[in-house]
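Novice: First the structure, then my questions, so here it is.
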Amino acid sequence: MTPNVPVISIKKLTKTYQMGDVAVHALRSVSLDIQAGEFVTVVGPSGSGKSTLMHILGCLDQPTSGQYFLDGKDVSRLSDDEVSTVRNKKIGFVFQGFNLLTRTSALENVELPLLYGPDPVSATERRARAMAALEAVGLGSRYEHHPNQLSGGQQQRVAIARALLNNPSILLADEPTGNLDSRTSVEVMDIFQSLKKERGITIVLITHEPDVAAYGSRIISFRDGVITSDELNTRRRTARGELAELPEPLEESA
Amino acid sequence: MLGTSLKIAQKALKRNKLRTGLAVLGMTIGVAAVLTMFALGTGAQQSVSSDVKSAGTTLIFVRAGNFTRGGEESRIPTGLGSATSLMPDDADAIARISGVKYVSANVKYRTWVEDGGQREYTQVVGADSDYAKQYDWSFVKGRYFRHGAVEDAEPVVVLGSTLRDKLFGDENPVGKQVQIHNQPYKVVGVFETADEDQSDTAVIPYTTAQKTVGTSSIQMITVSAEQAGDATRISQDIRTLLRTRHHLDNQPVQPAGSAALGGLQMPGAGSGGETPDDFTVKTQASEALTKGLNTSVAAFILANMPQMDQTNSQEMAGTLSRAGSTMTALLAAIATISLIVGGIGIMNIMLVSVTERTREIGIRRAIGARQRDVLQQFLVEAVSLSAFGGVFGIVLGFLAAVVITQVLGWPAEISVTAVALAFGIAGLTGVFFGFYPARRASRLSPIDALRYE
Ligand SMILES: Nc1ncnc2c1ncn2[C@@H]1O[C@H](COP(=O)(O)OP(=O)(O)OP(=O)(O)O)[C@@H](O)[C@H]1O
Ligand SMILES: [Mg+2]
C-alpha cells in the first residue's frame, strides 16, 4: 500500500432516506480521506449521521450518491462476493447494538468470521483463536454463555473480540464503550491503541464522549450530515499509562 | 462449508421442534402417499396381468384328426377326436418350441366314477403333470399328481370339487379309493376352478387313461404359451412341426394370413391341393368364439378369421395399457398433489424461518457470509426437512402398503426403484420449495437485514 493512497477515501457522499413525502438527509456531501494507521474518532450529536457513514464505510450500505474508494478501489464496482470478502478479511465491525447471534455461545459468536473466510480453518483452530480473542477482552471464562446471559458490557466485549478475530486492517467501531464502565473503557482503548501501534491497523471510532474521542489521533465532528471540524488531536491520551494509575478492580470481571 | 451449513440447519431445526415436526409430517404424508400409490399401482398391474395370463388367452389346443380327411370335400367331422394321429412324442416336441411354457398330453373318456354307494357318470381326463398349472387350479385338499405318477401310469386321481361334493359330500376324500371304469384309484387331491365343467371331472395320469382305453396315441395336447400375444405364432409353429413330424408334405405351410387375400378357404384344405392336416390347432380365443356352434360352421368362421385370436390379445393388451396409463395418470396426480402440499408446508416454514432470522442473516452477511453461503444454509435446511420427511414417509408408506394388503386384500409391491424415486422426489421437492425462501434470504441487503425488527 503506497503511503499517498488513502485506505479510505470518500467523495461527496450523500445518503438520503425517503420516508414517504419526507426526505431525511443523513449525509450531505461528505468528503474524507483516511490514511493507513490513523486512529480517527468521530463525534457528533445523536442523529447526525455517524452510524450511517460507518455502515457505508463497512460496505454494509450503499450511498445515495458519491463515491467510496477502499484501498483505491471503487467499492460500488465490486461484486457481492468481493464485498463479502472485504467484510470478512479487511474490516472488523463493532456495532452500536452489538449484533451478536442469539442462542449462540460467546465462543461461537467470536468464531463466526472464520466460518466465512476464503480459506477453510479447522474447527480446533477456530476454537483456539476465538478462545484467545475472548481472553484478550477478559471473557475467557464466559465462553459458553449466550448473549442473553451476558451483561451489556460483556456483550460489547464479545463483539470486539469477534471484530478483531480475522486480524482486519480496518476496525470500525460504533460506540464500543457505550456500555462499559470507565476502567473497562480504558482497557478497550488500550487494546485499540496497541493494535494501531503494533499492527498499523486503521481505526474509525464513533463516540459521543469527548474523553473517549481524545484517545484518537484525529477527531472529526459531525452535525446534520456534514463534517463541521476535522483536526489532529494534539492532546492525545494513552490508555496504557492511565491503566497503571487506575486502582485495581475489586472484583475480577471474568 | 456444507458441514457448517448442516450444523446450523440442525440447530435451527432443533430450536422449534414442533414446527419442524409438522413440516416433516407434511412431507412424510406426501412421500408415504407416493410410495403407497406406487406399491398399489404396481401390485394391481401385476395382478391384472396375471389375471389375464390365467384367464387362459395363452392356451392352445392341438387335437387329433381334422374336419376333413383324405382330401374329401365333406365337412362332416368324422376324423376329429377319434383319430389316432397324435402321439405322446408330439407333445414332447411341441414342448421344445420357444415361447411354450407347459404342455400336457390328454386322453379323455366318459365313464362311471363310484365310491361305495355313489355313482356318477362323468368326464375322466387323462393329463400330464403340468395340467393343473395350465388351468391354475387351486387345491383345497391334497395335491396334483407328480410326474412320476404319469411315468409309472399309477392309478391315482384328483377330483374336481363339484364331483367330490357328489361323491363324498363334505368329507375329505384324500387317501380314499374310488372306482373308475371298475378299476380302483387312489384320490390324491381335490381342486377348485371357476369352470363348472372342469369342476365335475376326474383327472388321472394320461398314461393310465391310455391303458384303460387301450391305445398308445393321445387325443389332444394342451399347450400354454408364455405370453398371450404369442398364441398365433406358436399355433403356426405347432402346425409346421406336426406336418413335418407326420410326413404330410415338404411344402412350406401356407401362412394363416393368406386368407386375407380374398377367397374363402376351407380349413386344412390348403390352396395347392396338398395333403390336409391330420390334426387341428386352435387357440383358446377361437375356441371360445366358436363354442356351441356346429363344428363345420365353426371351422368355416375360423378359417376366414385367421388373425382372430391375435386381434383379441392385441385388443386385450391395448385395454390393459389404457387401463394402466389411466391408473398411472391417477397415481401421478395424487402423488403430485400430496407432494405439492408437503412442499408448500416446507416453503411456508422456510419463509417463516427466513423472516424470523433476518437479523441473523444480516449478522452473518456483515461478518462476511456471501449470498451463496446464505442460500446454501437455507437450502440445506429445507432439504433436511424434506429428507427427514422422505425417510419417515418411506417407513409409513411401507406400513400403509402392508396394512392395505392385509385389511383390504389389495396386492401391493414395493420396489427398490419406488423407494429410491420417493426419496429422490422428496429431496427435489425440498430444493424446489426451499429455493425461493433461501434466495429471498440471500438477496437481503445486509444493513436492512441487520435493522430488521
Ligand atoms: N433506515 C433508515 N430509514 C430512515 N431514516 C434513517 C434510517 N437510518 C437512519 N435514519 C436517519 O438518518 C439520520 C442519521 O442516523 P444515524 O443512525 O446515522 O445517526 P447517529 O449519528 O448514528 O446517531 P446516534 O449517535 O444516536 O447513534 C437520523 O435522522 C435517522 O433518523
Ligand atoms: Mg449511531
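Chain labels run A, B, ... following the order of the C-alpha cells; each chain numbers its residues from 1, and ligands are numbered from 1 in the order shown.
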Give me the residues of chain A that have any atom at most 12 Å from an atom of ligand 2; for each, the nearest atom pair and the distance in Å, rounded to one decimal. Use only C-alpha atoms and all ligand atoms, sort by chain and number, and format it as CSV.
Specialist:
```
residue,atom,partner,partner_atom_place_in_ligand_line,distance
A:Ala26,CA,ligand 2,1 (Mg),11.1
A:Val42,CA,ligand 2,1 (Mg),10.7
A:Val43,CA,ligand 2,1 (Mg),10.3
A:Gly44,CA,ligand 2,1 (Mg),9.7
A:Pro45,CA,ligand 2,1 (Mg),9.4
A:Ser46,CA,ligand 2,1 (Mg),6.9
A:Gly47,CA,ligand 2,1 (Mg),6.9
A:Ser48,CA,ligand 2,1 (Mg),8.3
A:Gly49,CA,ligand 2,1 (Mg),7.1
A:Lys50,CA,ligand 2,1 (Mg),5.7
A:Ser51,CA,ligand 2,1 (Mg),4.0
A:Thr52,CA,ligand 2,1 (Mg),7.2
A:Leu53,CA,ligand 2,1 (Mg),9.3
A:Met54,CA,ligand 2,1 (Mg),8.6
A:His55,CA,ligand 2,1 (Mg),9.7
A:Val94,CA,ligand 2,1 (Mg),11.5
A:Phe95,CA,ligand 2,1 (Mg),8.8
A:Gln96,CA,ligand 2,1 (Mg),6.3
A:Gly97,CA,ligand 2,1 (Mg),9.0
A:Phe98,CA,ligand 2,1 (Mg),11.8
A:Ala173,CA,ligand 2,1 (Mg),10.4
A:Asp174,CA,ligand 2,1 (Mg),6.7
A:Glu175,CA,ligand 2,1 (Mg),7.6
A:Pro176,CA,ligand 2,1 (Mg),10.9
A:Gly178,CA,ligand 2,1 (Mg),10.9
A:Leu205,CA,ligand 2,1 (Mg),11.1
A:Ile206,CA,ligand 2,1 (Mg),7.9
A:Thr207,CA,ligand 2,1 (Mg),8.8
A:His208,CA,ligand 2,1 (Mg),9.7
A:Phe222,CA,ligand 2,1 (Mg),11.7
```
Novice: Would you list which chain B residues are within 6 Å of chain A using only C-alpha atoms, as a ChimeraX atom specification?
Specialist: /B:367-370,446-447
Novice: For a quick check of understanding, using only C-alpha atoms and all ligand atoms, which of A:Lys197, A:Arg157, A:His25, A:Arg235 has the smallest distance to ligand 1?
Specialist: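 Ranking A:Lys197, A:Arg157, A:His25, A:Arg235 by distance to ligand 1, first place goes to A:His25.
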Novice: Which of these, B:Ile340, B:Val281, B:Ala438, B:Ala449, has the shortest distance to ligand 1 once you count only C-alpha atoms and all ligand atoms?
Specialist: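 Of B:Ile340, B:Val281, B:Ala438, B:Ala449, the one nearest ligand 1 is B:Ala449, counting only C-alpha atoms and all ligand atoms.
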Novice: Got a sec to tell me which of segment 141-183 of chain B DSSP assigns to alpha helix (DSSP H), as a VMD selection string?
Specialist: chain B and resid 147 to 151 161 to 168
Novice: Find the residue from A:Ile203, A:Leu107, A:Ala130, A:Val121 that sits nearest to Gly37 of chain A; use only C-alpha atoms when measuring.
Specialist: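 Looking only at the distances to Gly37 of chain A, the closest residue turns out to be A:Ile203.
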Novice: I need the residues of segment 32-98 of chain A that end up classed as strand (DSSP E or B) by DSSP on the backbone, written out as number ranges by chain.
Specialist: A: 32-34, 39-43, 65-70, 73-74, 91-94
Novice: Do you have, as CSV, the list of residues of chain B lying at most 10 Å from ligand 1, each with its nearest atom pair and that distance in Å to one decimal, counting only C-alpha atoms and all ligand atoms and ordered by chain then number?
Specialist:
```
residue,atom,partner,partner_atom_place_in_ligand_line,distance
B:Ile447,CA,ligand 1,1 (N),8.5
B:Asp448,CA,ligand 1,1 (N),7.4
B:Arg451,CA,ligand 1,1 (N),7.4
B:Tyr452,CA,ligand 1,1 (N),9.6
```
Novice: To one decimal place in Å, what is the distance between atom CA of Pro247 of chain A and atom CA of Ala214 of chain A?
Specialist: 21.2 Å
Novice: My list of candidates is B:Gly160, B:Gly126, B:Gly41, B:Pro173. Which is closest to Glu192 of chain B when distances are computed with only C-alpha atoms?
Specialist: B:Gly160
Novice: What does the distance from atom CA of Val140 of chain B to atom CA of Val190 of chain B come to in Å, to one decimal?
Specialist: 5.8 Å
Novice: Excluding Val188 of chain B and any residue of its chain fewer than 3 positions from it, enumerate the residues within 9 Å of it, using only C-alpha atoms, and give them as an NGL selection string.
Specialist: :B and (141-145 or 156-159 or 173-176)
Novice: Do you know which residues are at most 10 Å from Ile204 of chain B counting only C-alpha atoms, after dropping those on the same chain fewer than 5 positions away, and could you put them as a compact mmCIF listing (two decimals) with all heavy atoms, in the first residue's frame?
Specialist:
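Now in selection_37.txt:
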```
# COMPACT_ATOMS: atom_id res chain seq x y z
N ASN B 106 -53.35 -85.30 -23.52
CA ASN B 106 -54.65 -85.62 -22.93
C ASN B 106 -55.30 -86.83 -23.61
O ASN B 106 -55.22 -86.98 -24.83
CB ASN B 106 -55.62 -84.45 -23.09
CG ASN B 106 -55.19 -83.23 -22.31
OD1 ASN B 106 -55.03 -82.16 -22.86
ND2 ASN B 106 -54.94 -83.40 -21.01
N VAL B 107 -55.89 -87.66 -22.76
CA VAL B 107 -56.77 -88.73 -23.25
C VAL B 107 -58.04 -88.62 -22.42
O VAL B 107 -57.97 -88.65 -21.20
CB VAL B 107 -56.12 -90.12 -23.06
CG1 VAL B 107 -57.10 -91.21 -23.45
CG2 VAL B 107 -54.82 -90.23 -23.84
N LYS B 108 -59.19 -88.45 -23.08
CA LYS B 108 -60.42 -88.23 -22.32
C LYS B 108 -61.45 -89.28 -22.68
O LYS B 108 -61.49 -89.77 -23.80
CB LYS B 108 -61.02 -86.86 -22.65
CG LYS B 108 -60.08 -85.70 -22.38
CD LYS B 108 -60.78 -84.39 -22.72
CE LYS B 108 -59.82 -83.24 -22.52
NZ LYS B 108 -60.45 -81.95 -22.78
N VAL B 124 -63.74 -88.23 -17.57
CA VAL B 124 -62.43 -88.55 -16.99
C VAL B 124 -61.37 -88.01 -17.94
O VAL B 124 -61.42 -88.26 -19.14
CB VAL B 124 -62.26 -90.07 -16.80
CG1 VAL B 124 -60.84 -90.38 -16.32
CG2 VAL B 124 -63.28 -90.59 -15.82
N VAL B 125 -60.48 -87.20 -17.40
CA VAL B 125 -59.44 -86.58 -18.23
C VAL B 125 -58.09 -87.18 -17.85
O VAL B 125 -57.69 -87.14 -16.70
CB VAL B 125 -59.39 -85.05 -18.01
CG1 VAL B 125 -58.28 -84.42 -18.86
CG2 VAL B 125 -60.74 -84.42 -18.34
N GLY B 126 -57.41 -87.73 -18.85
CA GLY B 126 -56.05 -88.17 -18.64
C GLY B 126 -55.14 -87.01 -19.01
O GLY B 126 -55.29 -86.43 -20.08
N ALA B 127 -54.26 -86.66 -18.10
CA ALA B 127 -53.44 -85.47 -18.35
C ALA B 127 -52.03 -85.67 -17.84
O ALA B 127 -51.75 -86.63 -17.12
CB ALA B 127 -54.07 -84.25 -17.71
N ASP B 128 -51.16 -84.70 -18.19
CA ASP B 128 -49.77 -84.76 -17.73
C ASP B 128 -49.65 -83.95 -16.43
O ASP B 128 -50.61 -83.35 -15.96
CB ASP B 128 -48.85 -84.22 -18.84
CG ASP B 128 -47.48 -84.91 -18.79
OD1 ASP B 128 -47.10 -85.36 -17.70
OD2 ASP B 128 -46.82 -84.97 -19.84
N SER B 129 -48.43 -83.91 -15.91
CA SER B 129 -48.25 -83.36 -14.56
C SER B 129 -48.33 -81.83 -14.48
O SER B 129 -48.39 -81.28 -13.39
CB SER B 129 -46.94 -83.85 -13.97
OG SER B 129 -45.90 -83.61 -14.89
N TYR B 144 -51.89 -82.11 -6.69
CA TYR B 144 -51.98 -82.72 -8.00
C TYR B 144 -50.94 -83.84 -8.08
O TYR B 144 -49.95 -83.82 -7.35
CB TYR B 144 -51.70 -81.65 -9.06
CG TYR B 144 -52.06 -82.07 -10.46
CD1 TYR B 144 -53.40 -82.28 -10.81
CD2 TYR B 144 -51.08 -82.26 -11.43
CE1 TYR B 144 -53.73 -82.68 -12.09
CE2 TYR B 144 -51.40 -82.66 -12.71
CZ TYR B 144 -52.74 -82.88 -13.04
OH TYR B 144 -53.06 -83.27 -14.30
N PHE B 145 -51.16 -84.80 -8.96
CA PHE B 145 -50.17 -85.89 -9.04
C PHE B 145 -48.90 -85.42 -9.75
O PHE B 145 -48.93 -84.54 -10.59
CB PHE B 145 -50.75 -87.16 -9.69
CG PHE B 145 -51.44 -86.93 -11.01
CD1 PHE B 145 -50.72 -86.74 -12.18
CD2 PHE B 145 -52.84 -86.89 -11.08
CE1 PHE B 145 -51.36 -86.54 -13.38
CE2 PHE B 145 -53.48 -86.67 -12.27
CZ PHE B 145 -52.74 -86.50 -13.44
N ALA B 149 -45.97 -90.23 -11.26
CA ALA B 149 -47.23 -90.95 -11.37
C ALA B 149 -47.61 -91.13 -12.84
O ALA B 149 -48.21 -92.14 -13.23
CB ALA B 149 -48.33 -90.18 -10.64
N VAL B 150 -47.24 -90.14 -13.67
CA VAL B 150 -47.54 -90.22 -15.10
C VAL B 150 -46.62 -91.26 -15.74
O VAL B 150 -47.06 -92.10 -16.51
CB VAL B 150 -47.37 -88.84 -15.76
CG1 VAL B 150 -47.64 -88.93 -17.25
CG2 VAL B 150 -48.28 -87.81 -15.11
N ALA B 153 -47.72 -94.68 -14.81
CA ALA B 153 -49.15 -94.93 -15.07
C ALA B 153 -49.87 -95.39 -13.81
O ALA B 153 -50.56 -96.41 -13.79
CB ALA B 153 -49.33 -95.93 -16.21
N GLU B 154 -49.65 -94.63 -12.73
CA GLU B 154 -50.24 -95.02 -11.45
C GLU B 154 -51.75 -94.81 -11.44
O GLU B 154 -52.25 -93.89 -12.08
CB GLU B 154 -49.61 -94.19 -10.32
CG GLU B 154 -48.18 -94.60 -10.01
CD GLU B 154 -47.54 -93.70 -8.98
OE1 GLU B 154 -48.28 -92.92 -8.33
OE2 GLU B 154 -46.30 -93.78 -8.84
N PRO B 155 -52.46 -95.62 -10.69
CA PRO B 155 -53.92 -95.43 -10.56
C PRO B 155 -54.23 -94.37 -9.51
O PRO B 155 -54.69 -94.70 -8.41
CB PRO B 155 -54.42 -96.81 -10.16
CG PRO B 155 -53.26 -97.43 -9.45
CD PRO B 155 -52.00 -96.85 -10.01
N VAL B 156 -53.93 -93.11 -9.82
CA VAL B 156 -54.24 -92.03 -8.89
C VAL B 156 -55.19 -91.08 -9.58
O VAL B 156 -55.24 -91.01 -10.81
CB VAL B 156 -52.97 -91.26 -8.45
CG1 VAL B 156 -52.11 -92.12 -7.54
CG2 VAL B 156 -52.17 -90.79 -9.66
N VAL B 157 -55.95 -90.33 -8.79
CA VAL B 157 -56.94 -89.42 -9.37
C VAL B 157 -57.05 -88.16 -8.52
O VAL B 157 -56.88 -88.20 -7.31
CB VAL B 157 -58.31 -90.12 -9.50
CG1 VAL B 157 -58.86 -90.52 -8.14
CG2 VAL B 157 -59.31 -89.23 -10.24
N VAL B 158 -57.27 -87.01 -9.21
CA VAL B 158 -57.68 -85.81 -8.47
C VAL B 158 -59.10 -85.50 -8.92
O VAL B 158 -59.45 -85.71 -10.09
CB VAL B 158 -56.73 -84.60 -8.70
CG1 VAL B 158 -55.36 -84.89 -8.15
CG2 VAL B 158 -56.66 -84.21 -10.15
N LEU B 159 -59.91 -85.02 -7.98
CA LEU B 159 -61.32 -84.79 -8.26
C LEU B 159 -61.61 -83.29 -8.29
O LEU B 159 -61.09 -82.54 -7.47
CB LEU B 159 -62.19 -85.43 -7.18
CG LEU B 159 -62.00 -86.93 -6.94
CD1 LEU B 159 -62.84 -87.38 -5.75
CD2 LEU B 159 -62.38 -87.73 -8.19
N ILE B 180 -63.02 -96.19 -10.96
CA ILE B 180 -63.28 -95.56 -12.25
C ILE B 180 -63.24 -96.68 -13.27
O ILE B 180 -62.24 -97.40 -13.38
CB ILE B 180 -62.21 -94.50 -12.58
CG1 ILE B 180 -62.19 -93.39 -11.52
CG2 ILE B 180 -62.46 -93.91 -13.97
CD1 ILE B 180 -61.08 -92.38 -11.70
N TYR B 185 -58.85 -96.53 -7.91
CA TYR B 185 -57.92 -95.40 -7.99
C TYR B 185 -57.81 -94.76 -6.61
O TYR B 185 -58.80 -94.71 -5.87
CB TYR B 185 -58.43 -94.33 -8.98
CG TYR B 185 -58.24 -94.70 -10.43
CD1 TYR B 185 -59.07 -95.62 -11.06
CD2 TYR B 185 -57.24 -94.07 -11.18
CE1 TYR B 185 -58.90 -95.95 -12.38
CE2 TYR B 185 -57.06 -94.39 -12.52
CZ TYR B 185 -57.89 -95.32 -13.13
OH TYR B 185 -57.71 -95.62 -14.43
N LYS B 186 -56.63 -94.23 -6.31
CA LYS B 186 -56.44 -93.56 -5.02
C LYS B 186 -56.60 -92.05 -5.24
O LYS B 186 -55.99 -91.48 -6.14
CB LYS B 186 -55.02 -93.86 -4.50
CG LYS B 186 -54.77 -93.36 -3.10
CD LYS B 186 -53.36 -93.76 -2.65
CE LYS B 186 -52.86 -92.78 -1.61
NZ LYS B 186 -51.42 -92.60 -1.67
N VAL B 187 -57.44 -91.43 -4.40
CA VAL B 187 -57.64 -89.97 -4.52
C VAL B 187 -56.46 -89.25 -3.88
O VAL B 187 -56.12 -89.51 -2.73
CB VAL B 187 -58.95 -89.54 -3.83
CG1 VAL B 187 -59.14 -88.02 -3.96
CG2 VAL B 187 -60.14 -90.28 -4.44
N ALA B 209 -54.85 -93.45 -18.40
CA ALA B 209 -56.02 -93.41 -19.27
C ALA B 209 -55.77 -94.19 -20.56
O ALA B 209 -56.65 -94.91 -21.04
CB ALA B 209 -56.36 -91.95 -19.60
```
Novice: When you draw a straight line from atom CA of Gly138 of chain A to atom CA of Ser105 of chain A, how long is it in Å?
Specialist: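 Atom-to-atom, atom CA of Gly138 of chain A to atom CA of Ser105 of chain A, that is 15.6 Å.
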